[in-house]
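Structure data follow from structure-v1.txt (compact mmCIF, C-alpha atoms and all ligand atoms):
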```
# COMPACT_ATOMS: atom_id res chain seq x y z
CA MET E 1286 16.39 8.45 -25.17
CA ASN E 1287 18.10 5.17 -24.38
CA ASN E 1288 15.89 2.32 -23.25
CA PRO E 1289 13.83 3.99 -20.50
CA ILE E 1290 12.67 0.72 -18.91
CA ASP E 1291 14.22 0.21 -15.46
CA THR E 1292 13.21 -3.36 -14.77
CA THR E 1293 15.14 -6.30 -16.18
CA LEU E 1294 11.81 -8.12 -16.58
CA LYS E 1295 9.98 -8.10 -19.90
CA ALA E 1296 7.98 -4.86 -20.02
CA ASP E 1297 6.38 -2.43 -22.46
CA TRP E 1298 7.02 1.32 -22.40
CA ARG E 1299 4.20 3.86 -22.71
CA ALA E 1300 5.48 7.33 -21.87
CA SER E 1301 3.59 9.50 -19.40
CA GLU E 1302 4.55 13.17 -19.08
CA ASN E 1303 2.98 13.32 -15.64
CA TYR E 1304 6.10 13.32 -13.49
CA GLN E 1305 8.74 15.58 -11.97
CA PRO E 1306 11.97 15.25 -9.94
CA ARG E 1307 11.64 13.73 -6.48
CA LYS E 1308 11.66 16.39 -3.75
CA ASP E 1309 15.19 17.13 -2.48
CA GLY E 1310 16.50 14.18 -4.47
CA ARG E 1311 14.67 11.77 -2.15
CA LYS E 1312 15.44 8.15 -2.96
CA PRO E 1313 12.36 5.92 -2.95
CA ASP E 1314 12.11 3.54 0.00
CA ILE E 1315 8.39 2.77 -0.18
CA LEU E 1316 6.74 0.46 -2.73
CA LEU E 1317 3.07 1.44 -3.01
CA MET E 1318 0.42 -0.99 -4.30
CA HIS E 1319 -2.76 0.15 -6.05
CA TYR E 1320 -5.59 -1.23 -8.07
CA THR E 1321 -6.74 0.72 -11.12
CA GLY E 1322 -10.49 0.64 -10.41
CA MET E 1323 -11.20 0.86 -14.15
CA GLU E 1324 -12.90 -1.39 -16.72
CA THR E 1325 -9.75 -2.36 -18.60
CA ALA E 1326 -5.99 -2.11 -18.20
CA GLU E 1327 -5.76 -0.23 -21.51
CA TRP E 1328 -8.13 2.49 -20.32
CA ALA E 1329 -6.12 2.82 -17.13
CA ILE E 1330 -2.86 3.17 -19.08
CA ARG E 1331 -4.39 5.88 -21.27
CA ARG E 1332 -5.56 7.79 -18.22
CA LEU E 1333 -2.15 7.47 -16.51
CA CYS E 1334 -0.56 8.90 -19.69
CA ASP E 1335 -3.17 11.66 -20.14
CA VAL E 1336 -1.73 15.11 -19.40
CA ASP E 1337 -5.21 16.43 -18.55
CA ALA E 1338 -5.83 13.67 -15.99
CA GLY E 1339 -2.75 14.75 -14.02
CA VAL E 1340 -2.09 11.28 -12.62
CA SER E 1341 0.56 8.67 -13.36
CA CYS E 1342 2.31 5.63 -11.99
CA HIS E 1343 5.63 3.92 -12.62
CA TYR E 1344 4.14 0.55 -13.57
CA LEU E 1345 0.88 -1.17 -14.43
CA ILE E 1346 0.34 -4.93 -14.39
CA ASP E 1347 -2.65 -6.24 -16.35
CA GLU E 1348 -4.73 -9.35 -15.59
CA GLN E 1349 -2.48 -11.50 -17.80
CA GLY E 1350 0.64 -10.39 -15.93
CA ASN E 1351 1.94 -8.05 -18.65
CA ILE E 1352 4.02 -5.20 -17.25
CA THR E 1353 3.91 -1.66 -18.66
CA GLN E 1354 6.23 1.09 -17.42
CA MET E 1355 5.13 4.71 -17.86
CA VAL E 1356 7.45 6.79 -15.66
CA GLN E 1357 11.12 6.11 -14.91
CA GLU E 1358 11.76 5.06 -11.34
CA GLN E 1359 14.10 7.98 -10.63
CA TYR E 1360 11.18 10.41 -11.06
CA ARG E 1361 8.24 11.34 -8.86
CA ALA E 1362 5.04 9.90 -10.37
CA TRP E 1363 1.58 11.07 -9.27
CA HIS E 1364 -0.25 8.12 -7.77
CA ALA E 1365 -0.49 8.61 -4.00
CA GLY E 1366 -2.33 11.95 -3.75
CA LYS E 1367 -2.80 13.47 -0.32
CA SER E 1368 -1.26 10.86 1.90
CA TYR E 1369 0.83 10.09 4.98
CA TRP E 1370 3.11 7.35 6.29
CA HIS E 1371 5.44 7.44 9.28
CA GLY E 1372 5.63 11.22 9.52
CA GLU E 1373 6.01 11.79 5.79
CA THR E 1374 3.38 13.51 3.64
CA ASP E 1375 5.05 13.53 0.21
CA ILE E 1376 4.57 9.85 -0.43
CA ASN E 1377 4.98 10.34 -4.20
CA SER E 1378 8.56 11.52 -3.61
CA ALA E 1379 9.20 8.60 -1.25
CA SER E 1380 7.73 5.80 -3.34
CA ILE E 1381 7.57 3.75 -6.49
CA GLY E 1382 4.00 2.92 -7.51
CA ILE E 1383 2.52 -0.21 -9.06
CA GLU E 1384 -1.02 -0.12 -10.47
CA ILE E 1385 -2.64 -3.55 -10.62
CA ALA E 1386 -5.48 -3.83 -13.12
CA ASN E 1387 -8.69 -4.63 -11.23
CA GLN E 1388 -12.14 -3.08 -11.56
CA GLY E 1389 -12.24 -2.48 -7.83
CA HIS E 1390 -14.90 -2.35 -5.13
CA GLY E 1391 -17.18 -0.19 -7.26
CA LYS E 1392 -17.51 -2.88 -9.95
CA GLY E 1393 -17.68 -6.22 -8.19
CA TYR E 1394 -14.04 -6.37 -7.07
CA PRO E 1395 -12.89 -9.49 -8.99
CA ASP E 1396 -10.13 -11.75 -7.64
CA PHE E 1397 -6.55 -10.99 -8.67
CA PRO E 1398 -5.54 -13.80 -11.07
CA GLY E 1399 -2.56 -15.93 -10.02
CA ILE E 1400 -0.60 -15.01 -13.14
CA GLN E 1401 -1.08 -11.32 -12.31
CA MET E 1402 0.17 -11.86 -8.76
CA ASP E 1403 3.20 -13.76 -10.12
CA ALA E 1404 4.13 -10.62 -12.04
CA VAL E 1405 3.49 -8.38 -9.00
CA ILE E 1406 5.89 -10.54 -7.01
CA ALA E 1407 8.59 -10.63 -9.69
CA LEU E 1408 8.47 -6.88 -10.27
CA SER E 1409 8.38 -6.07 -6.54
CA LYS E 1410 11.48 -8.19 -5.88
CA ASP E 1411 13.28 -6.53 -8.77
CA ILE E 1412 12.45 -3.00 -7.54
CA MET E 1413 13.17 -3.77 -3.87
CA GLN E 1414 16.59 -5.22 -4.69
CA ARG E 1415 17.65 -2.31 -6.87
CA TRP E 1416 16.50 0.40 -4.41
CA HIS E 1417 17.07 -1.51 -1.14
CA ILE E 1418 13.46 -1.11 -0.08
CA PRO E 1419 12.84 -3.00 3.19
CA ALA E 1420 10.03 -5.57 3.22
CA HIS E 1421 7.81 -3.66 5.65
CA ARG E 1422 7.89 -0.52 3.46
CA VAL E 1423 5.77 -2.30 0.85
CA ILE E 1424 2.28 -1.01 1.62
CA GLY E 1425 -1.11 -0.24 0.06
CA HIS E 1426 -2.68 3.00 -1.10
CA SER E 1427 -5.37 2.64 1.58
CA ASP E 1428 -2.64 2.51 4.25
CA VAL E 1429 -1.37 5.97 3.29
CA ALA E 1430 -4.79 7.48 2.43
CA PRO E 1431 -7.31 5.57 4.57
CA ARG E 1432 -10.00 8.24 4.44
CA ARG E 1433 -10.06 8.35 0.63
CA LYS E 1434 -8.87 5.01 -0.70
CA SER E 1435 -9.60 1.30 -0.37
CA ASP E 1436 -7.08 -0.14 -2.85
CA PRO E 1437 -5.63 -2.68 -3.38
CA GLY E 1438 -8.18 -4.06 -0.91
CA GLU E 1439 -8.90 -7.16 1.13
CA LYS E 1440 -8.54 -9.63 -1.77
CA PHE E 1441 -4.92 -8.64 -2.34
CA ASP E 1442 -2.76 -11.56 -1.21
CA TRP E 1443 -0.39 -9.89 1.26
CA GLN E 1444 0.27 -13.28 2.87
CA ARG E 1445 1.69 -14.71 -0.35
CA LEU E 1446 3.77 -11.57 -0.90
CA HIS E 1447 5.16 -11.84 2.61
CA LEU E 1448 6.16 -15.45 2.03
CA GLU E 1449 8.16 -14.14 -0.95
CA GLY E 1450 9.90 -11.55 1.25
CA ILE E 1451 7.67 -8.67 0.14
CA GLY E 1452 5.71 -6.71 2.77
CA HIS E 1453 5.26 -7.20 6.48
CA TRP E 1454 2.58 -9.64 7.62
CA VAL E 1455 1.69 -11.95 10.51
CA GLU E 1456 -0.99 -14.62 10.79
CA PRO E 1457 -4.09 -12.69 11.93
CA GLU E 1458 -5.49 -13.52 15.36
CA PRO E 1459 -8.79 -15.45 15.23
CA ILE E 1460 -12.04 -13.48 15.35
CA GLY E 1461 -13.96 -13.88 18.60
CA SER E 1462 -17.34 -12.68 19.84
CA ASP E 1463 -16.18 -9.55 21.66
CA ARG E 1464 -17.95 -6.29 20.86
CA GLY E 1465 -14.79 -4.31 20.17
CA PHE E 1466 -14.43 -0.53 19.93
CA GLY E 1467 -16.17 1.68 17.40
CA VAL E 1468 -17.11 5.28 16.61
CA GLY E 1469 -18.14 7.12 19.78
CA ASP E 1470 -16.09 5.03 22.20
CA GLU E 1471 -13.38 6.79 24.18
CA GLY E 1472 -10.85 6.17 26.91
CA GLU E 1473 -7.40 4.80 27.62
CA GLU E 1474 -7.91 1.64 25.58
CA VAL E 1475 -8.87 3.66 22.51
CA LYS E 1476 -5.82 5.85 23.06
CA ALA E 1477 -3.61 2.76 23.33
CA LEU E 1478 -5.03 1.48 20.02
CA GLN E 1479 -4.42 4.86 18.38
CA THR E 1480 -0.83 4.88 19.65
CA LEU E 1481 -0.20 1.45 18.12
CA LEU E 1482 -1.66 2.55 14.78
CA ARG E 1483 0.36 5.76 14.80
CA ASP E 1484 3.59 3.96 15.71
CA TYR E 1485 3.01 1.51 12.88
CA GLY E 1486 2.82 4.38 10.38
CA TYR E 1487 -0.82 5.42 10.05
CA ASN E 1488 -1.92 9.06 10.23
CA GLN E 1489 -3.68 8.64 13.57
CA GLY E 1490 -3.86 11.25 16.33
CA MET E 1491 -4.06 10.17 19.97
CA SER E 1492 -7.20 11.89 21.21
CA GLY E 1493 -8.56 8.78 22.95
CA LYS E 1494 -11.79 9.31 21.00
CA TYR E 1495 -12.75 6.70 18.39
CA SER E 1496 -13.48 9.10 15.53
CA LYS E 1497 -14.50 8.40 11.93
CA THR E 1498 -10.83 8.80 11.07
CA THR E 1499 -9.98 6.04 13.54
CA ARG E 1500 -12.70 3.88 12.00
CA ASP E 1501 -11.27 4.43 8.50
CA ILE E 1502 -7.72 3.68 9.64
CA VAL E 1503 -8.88 0.48 11.37
CA THR E 1504 -10.69 -0.42 8.14
CA ALA E 1505 -7.49 0.14 6.13
CA PHE E 1506 -5.55 -1.93 8.65
CA GLN E 1507 -8.07 -4.77 8.28
CA ARG E 1508 -7.97 -4.67 4.46
CA HIS E 1509 -4.23 -5.27 4.74
CA PHE E 1510 -3.73 -7.39 7.86
CA ARG E 1511 -7.06 -8.91 9.02
CA GLN E 1512 -8.86 -9.49 5.73
CA GLN E 1513 -11.41 -11.99 7.08
CA ARG E 1514 -13.62 -9.17 8.37
CA VAL E 1515 -13.38 -5.54 7.27
CA ASP E 1516 -15.77 -3.48 9.39
CA GLY E 1517 -13.81 -0.66 11.06
CA ILE E 1518 -14.47 -2.16 14.51
CA ALA E 1519 -11.38 -2.65 16.64
CA ASP E 1520 -12.13 -6.07 18.13
CA LEU E 1521 -9.56 -8.14 20.03
CA SER E 1522 -8.56 -9.96 16.85
CA THR E 1523 -7.71 -6.66 15.16
CA ILE E 1524 -5.89 -5.20 18.18
CA ASN E 1525 -3.90 -8.37 18.87
CA THR E 1526 -2.94 -8.73 15.21
CA LEU E 1527 -1.63 -5.16 15.35
CA LYS E 1528 0.37 -5.94 18.51
CA LYS E 1529 1.77 -9.07 16.89
CA LEU E 1530 2.86 -7.04 13.86
CA HIS E 1531 4.72 -4.60 16.09
CA ALA E 1532 6.47 -7.44 17.92
CA ALA E 1533 7.47 -9.07 14.64
CA LEU E 1534 8.82 -5.78 13.34
CA VAL E 1535 10.98 -5.16 16.41
CA HIS E 1536 12.50 -8.62 16.02
CA SER E 1537 12.79 -8.39 12.28
CA ALA E 1538 16.25 -8.92 10.85
CA SER E 1539 15.28 -6.67 7.96
CA LYS E 1540 15.10 -3.64 10.25
CA PRO E 1541 16.35 -0.78 8.08
CA ASN E 1542 18.90 1.84 9.07
CA TRP E 1543 16.39 4.67 9.18
CA PHE E 1544 14.44 2.84 11.89
CA ALA E 1545 17.31 3.17 14.39
CA GLY E 1546 18.22 6.72 13.47
ZN ZN Z 1 -4.51 3.81 -5.62
```
Represent the structure from my file as structure tokens, please.
Amino acid sequence: MNNPIDTTLKADWRASENYQPRKDGRKPDILLMHYTGMETAEWAIRRLCDVDAGVSCHYLIDEQGNITQMVQEQYRAWHAGKSYWHGETDINSASIGIEIANQGHGKGYPDFPGIQMDAVIALSKDIMQRWHIPAHRVIGHSDVAPRRKSDPGEKFDWQRLHLEGIGHWVEPEPIGSDRGFGVGDEGEEVKALQTLLRDYGYNQGMSGKYSKTTRDIVTAFQRHFRQQRVDGIADLSTINTLKKLHAALVHSASKPNWFAG
């Protein structure tokens, strides 16, 4: 095989056999961020290359900012699992995945080092340019699987990424003292919230009942867009941040072709 590494950045190659063609030749237009949730980057790489584990990812970035590629970008890697975004359920076929080494919520959830985030930014820009992935299609695993996943989590610096042209983000609205909506609440306002979440991309039905699913989706939204408090309660700060995101997206110059059609 010729050099299998897709990125022009310095990267190591560790082959994983856990991949297949993308469904119907789908070109990736989502960049999906993860954390590994394992003790070390090396253990995570071994697992992502282990045939018996049945998981994989295109890239892993360790705490020192070293990049390892395991699956070529043209192929469907197995990192998203059962997931949903904007009407699509085969997120593995639609995306390129980056695993960021971090022990995760189960083991103290350390900060992402600056040098690691530098590499995340450089690699994201490189991938986005080559595949024409729009900024707002850079999202987290918890966004596409909010009932199962919490990575990359509320310490992931989406604001810095946005300033670099990666990912959609607005300054979150300040937290007030309102009670907000939670599990058990129902009515038109809950339905309006659910509609906004659904229209943004989340797998949210519009029952008007604040279910556990709604709570988990609001939690995922907060991990990404209102990181100051992650509690699954839709307070005014959360709702108004979501509205602001929608408004910014409509006016965004980076609006992709698929959005109109
Ligand atoms: Zn993940």
Nearby residues (all atoms listed in the file) at most 10 Å from Glu1324 of chain E, same-chain spacing under 5 positions excluded, as an MDAnalysis selection string: chainID E and resid 1329 1386:1389 1392
Residues of chain E within 6 Å of ligand ZN 1 (chain Z): nearest atom pair and distance (Å, one decimal) for each, counting only C-alpha atoms and all ligand atoms, sorted by chain and number, as CSV?
```
residue,atom,partner,partner_atom,distance
E:His1319,CA,Z:ZN1,ZN,4.1
E:Tyr1320,CA,Z:ZN1,ZN,5.7
E:His1426,CA,Z:ZN1,ZN,4.9
E:Asp1436,CA,Z:ZN1,ZN,5.5
```
Straight-line distance linking atom CA of Gln1479 of chain E with atom CA of Ala1420 of chain E, stated in Å to one decimal: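 Between atom CA of Gln1479 of chain E and atom CA of Ala1420 of chain E the gap is 23.4 Å.
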12 Å contact set for Trp1416 of chain E, all atoms listed in the file, chain neighbours under 4 positions out, as an MDAnalysis selection string: chainID E and resid 1291:1292 1311:1316 1358:1359 1379:1381 1409:1412 1420 1422
Residue nearest Arg1361 of chain E - candidates E:Thr1499, E:Asn1377, E:Gln1507, E:Gln1401, atoms counted: all atoms listed in the file: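 Selected residue with least distance to Arg1361 of chain E: E:Asn1377.
Minimum distance to Gln1354 of chain E across E:Asp1297, E:Glu1302, E:Glu1327, E:Glu1384 (counting only C-alpha atoms) occurs at E:Asp1297.
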Residues within 9 Å of Lys1440 of chain E, only C-alpha atoms, excluding chain neighbours under 2 positions, as an mmCIF file with C-alpha atoms, keeping the file's coordinate frame:
```cif
data_model
loop_
_atom_site.group_PDB
_atom_site.id
_atom_site.type_symbol
_atom_site.label_atom_id
_atom_site.label_comp_id
_atom_site.auth_asym_id
_atom_site.auth_seq_id
_atom_site.Cartn_x
_atom_site.Cartn_y
_atom_site.Cartn_z
ATOM 1 C CA TYR E 1394 -14.040 -6.370 -7.070
ATOM 2 C CA PRO E 1395 -12.890 -9.490 -8.990
ATOM 3 C CA ASP E 1396 -10.130 -11.750 -7.640
ATOM 4 C CA PHE E 1397 -6.550 -10.990 -8.670
ATOM 5 C CA PRO E 1437 -5.630 -2.680 -3.380
ATOM 6 C CA GLY E 1438 -8.180 -4.060 -0.910
ATOM 7 C CA ASP E 1442 -2.760 -11.560 -1.210
ATOM 8 C CA TRP E 1443 -0.390 -9.890 1.260
ATOM 9 C CA ARG E 1508 -7.970 -4.670 4.460
ATOM 10 C CA HIS E 1509 -4.230 -5.270 4.740
ATOM 11 C CA GLN E 1512 -8.860 -9.490 5.730
#
```
Starting from the sparse input, extend segment 1476-1502 of chain E to N, CA and C atoms and give the output as a PDB file, in the frame of the given file.
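part15.pdb, freshly written:
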```
ATOM      1  N   LYS E1476      -7.084   5.120  23.226  1.00  0.00           N
ATOM      2  CA  LYS E1476      -5.820   5.850  23.060  1.00  0.00           C
ATOM      3  C   LYS E1476      -4.659   4.871  22.815  1.00  0.00           C
ATOM      4  N   ALA E1477      -4.670   3.765  23.519  1.00  0.00           N
ATOM      5  CA  ALA E1477      -3.610   2.760  23.330  1.00  0.00           C
ATOM      6  C   ALA E1477      -3.655   2.195  21.897  1.00  0.00           C
ATOM      7  N   LEU E1478      -4.859   1.944  21.408  1.00  0.00           N
ATOM      8  CA  LEU E1478      -5.030   1.480  20.020  1.00  0.00           C
ATOM      9  C   LEU E1478      -4.485   2.523  19.046  1.00  0.00           C
ATOM     10  N   GLN E1479      -4.858   3.781  19.275  1.00  0.00           N
ATOM     11  CA  GLN E1479      -4.420   4.860  18.380  1.00  0.00           C
ATOM     12  C   GLN E1479      -2.903   4.994  18.383  1.00  0.00           C
ATOM     13  N   THR E1480      -2.297   4.802  19.547  1.00  0.00           N
ATOM     14  CA  THR E1480      -0.830   4.880  19.650  1.00  0.00           C
ATOM     15  C   THR E1480      -0.177   3.773  18.824  1.00  0.00           C
ATOM     16  N   LEU E1481      -0.736   2.566  18.903  1.00  0.00           N
ATOM     17  CA  LEU E1481      -0.200   1.450  18.120  1.00  0.00           C
ATOM     18  C   LEU E1481      -0.318   1.711  16.624  1.00  0.00           C
ATOM     19  N   LEU E1482      -1.462   2.250  16.207  1.00  0.00           N
ATOM     20  CA  LEU E1482      -1.660   2.550  14.780  1.00  0.00           C
ATOM     21  C   LEU E1482      -0.691   3.629  14.324  1.00  0.00           C
ATOM     22  N   ARG E1483      -0.546   4.671  15.156  1.00  0.00           N
ATOM     23  CA  ARG E1483       0.360   5.760  14.800  1.00  0.00           C
ATOM     24  C   ARG E1483       1.802   5.252  14.701  1.00  0.00           C
ATOM     25  N   ASP E1484       2.219   4.477  15.693  1.00  0.00           N
ATOM     26  CA  ASP E1484       3.590   3.960  15.710  1.00  0.00           C
ATOM     27  C   ASP E1484       3.855   3.028  14.523  1.00  0.00           C
ATOM     28  N   TYR E1485       2.801   2.388  14.040  1.00  0.00           N
ATOM     29  CA  TYR E1485       3.010   1.510  12.880  1.00  0.00           C
ATOM     30  C   TYR E1485       3.193   2.313  11.604  1.00  0.00           C
ATOM     31  N   GLY E1486       2.646   3.542  11.573  1.00  0.00           N
ATOM     32  CA  GLY E1486       2.820   4.380  10.380  1.00  0.00           C
ATOM     33  C   GLY E1486       1.594   5.173   9.972  1.00  0.00           C
ATOM     34  N   TYR E1487       0.435   4.784  10.472  1.00  0.00           N
ATOM     35  CA  TYR E1487      -0.820   5.420  10.050  1.00  0.00           C
ATOM     36  C   TYR E1487      -0.944   6.854  10.591  1.00  0.00           C
ATOM     37  N   ASN E1488      -1.725   7.657   9.877  1.00  0.00           N
ATOM     38  CA  ASN E1488      -1.920   9.060  10.230  1.00  0.00           C
ATOM     39  C   ASN E1488      -3.009   9.196  11.299  1.00  0.00           C
ATOM     40  N   GLN E1489      -2.702   8.719  12.492  1.00  0.00           N
ATOM     41  CA  GLN E1489      -3.680   8.640  13.570  1.00  0.00           C
ATOM     42  C   GLN E1489      -3.257   9.503  14.743  1.00  0.00           C
ATOM     43  N   GLY E1490      -4.102  10.467  15.120  1.00  0.00           N
ATOM     44  CA  GLY E1490      -3.860  11.250  16.330  1.00  0.00           C
ATOM     45  C   GLY E1490      -4.187  10.418  17.569  1.00  0.00           C
ATOM     46  N   MET E1491      -3.858  10.947  18.743  1.00  0.00           N
ATOM     47  CA  MET E1491      -4.060  10.170  19.970  1.00  0.00           C
ATOM     48  C   MET E1491      -5.017  10.864  20.925  1.00  0.00           C
ATOM     49  N   SER E1492      -6.200  11.163  20.420  1.00  0.00           N
ATOM     50  CA  SER E1492      -7.200  11.890  21.210  1.00  0.00           C
ATOM     51  C   SER E1492      -7.850  10.996  22.263  1.00  0.00           C
ATOM     52  N   GLY E1493      -7.803   9.680  22.072  1.00  0.00           N
ATOM     53  CA  GLY E1493      -8.560   8.780  22.950  1.00  0.00           C
ATOM     54  C   GLY E1493     -10.018   8.677  22.558  1.00  0.00           C
ATOM     55  N   LYS E1494     -10.405   9.388  21.509  1.00  0.00           N
ATOM     56  CA  LYS E1494     -11.790   9.310  21.000  1.00  0.00           C
ATOM     57  C   LYS E1494     -11.792   8.540  19.680  1.00  0.00           C
ATOM     58  N   TYR E1495     -12.656   7.524  19.611  1.00  0.00           N
ATOM     59  CA  TYR E1495     -12.750   6.700  18.390  1.00  0.00           C
ATOM     60  C   TYR E1495     -13.561   7.476  17.353  1.00  0.00           C
ATOM     61  N   SER E1496     -12.844   8.224  16.516  1.00  0.00           N
ATOM     62  CA  SER E1496     -13.480   9.100  15.530  1.00  0.00           C
ATOM     63  C   SER E1496     -13.730   8.334  14.238  1.00  0.00           C
ATOM     64  N   LYS E1497     -14.335   9.009  13.264  1.00  0.00           N
ATOM     65  CA  LYS E1497     -14.500   8.400  11.930  1.00  0.00           C
ATOM     66  C   LYS E1497     -13.148   8.163  11.282  1.00  0.00           C
ATOM     67  N   THR E1498     -12.190   9.026  11.582  1.00  0.00           N
ATOM     68  CA  THR E1498     -10.830   8.800  11.070  1.00  0.00           C
ATOM     69  C   THR E1498     -10.270   7.497  11.632  1.00  0.00           C
ATOM     70  N   THR E1499     -10.443   7.290  12.926  1.00  0.00           N
ATOM     71  CA  THR E1499      -9.980   6.040  13.540  1.00  0.00           C
ATOM     72  C   THR E1499     -10.666   4.847  12.881  1.00  0.00           C
ATOM     73  N   ARG E1500     -11.959   4.968  12.670  1.00  0.00           N
ATOM     74  CA  ARG E1500     -12.700   3.880  12.000  1.00  0.00           C
ATOM     75  C   ARG E1500     -12.100   3.590  10.617  1.00  0.00           C
ATOM     76  N   ASP E1501     -11.803   4.638   9.855  1.00  0.00           N
ATOM     77  CA  ASP E1501     -11.270   4.430   8.500  1.00  0.00           C
ATOM     78  C   ASP E1501      -9.857   3.846   8.528  1.00  0.00           C
ATOM     79  N   ILE E1502      -9.069   4.236   9.523  1.00  0.00           N
ATOM     80  CA  ILE E1502      -7.720   3.680   9.640  1.00  0.00           C
ATOM     81  C   ILE E1502      -7.798   2.199  10.059  1.00  0.00           C
TER      82      ILE E1502
END
```
